[in-house]
Amino acid sequence: MPPRRRYDQYCSVARALDLVGDRWTLLIVRELLAGPRRYTDLHADLPGVSTDVLASRLRDMERDGLATRRRLPPPGAASVYEVTRRGRELLPVLQALGAWGEAELGERRPTDAVRAHWFALPLLRLLDGEGLVEVRLEEGRFHLYAGAGEGPVYGDGPAPVEPDARLALDTATCTALTRGELDLATAVRAGRVEVGGEGALAKALRDA
């Protein structure tokens, strides 16, 4: 592999950017926080990235200890990429960056791609407690692991087991929550978020 470009500054911020400052790297981490992903799935959920750049970033992330690649046993027999413990430590960085970027969202542009699970990390910040939450939007369904210490942070599609809470909301409400224009408790009281389930998270949201 070619040598990685460095800032050559004795500063922890510069050292961090040596690893994650290249374009697409943090967005790849965002995708890998959902658990093991095939290369084709990553490419599909990162619209705009070229195959060459994606392959290069994944190689860099493997080299830098942020991601690993492994082969699934038959009948899967496909290679998947996973975030390492070191890579997972970037979750609060992505959370903070997302909160900081709320002011930049504005209205969705005609050229903006969207995936339902991209709302996972902003919604995760709003949930107080621990448990599995399934979210339904017009764009699709995804699930969150609120308060998860290990393993995936979220996943695409329905929850794999009975969730502690189910949230149904429209994209406009979800966008308002993401921008910080609306808090979750207010949205529930106003009927803009339907809450289902019998877990502690669902009860807390209904009682808020």
# chains A, B, ... in the order shown; residues from 1 in each chain; ligands from 1

call {"tool": "select_by_dssp", "arguments": {"residues": "region 2-208 of chain A", "states": "helix (DSSP H, G or I)", "output": "number ranges by chain"}}
result
A: 12-20, 25-32, 39-44, 51-63, 85-88, 91-104, 116-126, 171-179, 184-189, 200-207

call {"tool": "select_by_dssp", "arguments": {"residues": "region 74-117 of chain A", "states": "strand (DSSP E)", "output": "count of residues only"}}
result
5

call {"tool": "residues_around", "arguments": {"residues": "Gly131 (chain A)", "least_positions_apart": "4", "cutoff": "6 Å", "atoms": "only C-alpha atoms", "output": "ChimeraX atom specification"}}
result
/A:145-146,164

call {"tool": "write_last_selection", "arguments": {"atoms": "C-alpha atoms", "output": "PDB file, in the first residue's frame"}}
result
ATOM      1  CA  TYR A 145     -29.879  -0.553  20.190  1.00  0.00           C
ATOM      2  CA  ALA A 146     -30.232   2.249  22.727  1.00  0.00           C
ATOM      3  CA  ASP A 164     -38.810  -2.836  23.605  1.00  0.00           C
TER       4      ASP A 164
END

call {"tool": "residues_around", "arguments": {"residues": "Tyr154 (chain A)", "least_positions_apart": "4", "cutoff": "12 Å", "atoms": "only C-alpha atoms", "output": "ChimeraX atom specification"}}
result
/A:30-36,91,116-124,131-135,141-148,150,158-160

call {"tool": "residues_around", "arguments": {"residues": "region 40-53 of chain A", "least_positions_apart": "3", "cutoff": "12 Å", "atoms": "only C-alpha atoms", "output": "number ranges by chain"}}
result
A: 22-37, 56-60, 78-82, 111-118, 156

call {"tool": "closest_residue", "arguments": {"among": "A:Ala202, A:Leu177, A:Val153, A:Leu72", "to": "Ala99 (chain A)", "atoms": "only C-alpha atoms"}}
result
A:Leu177
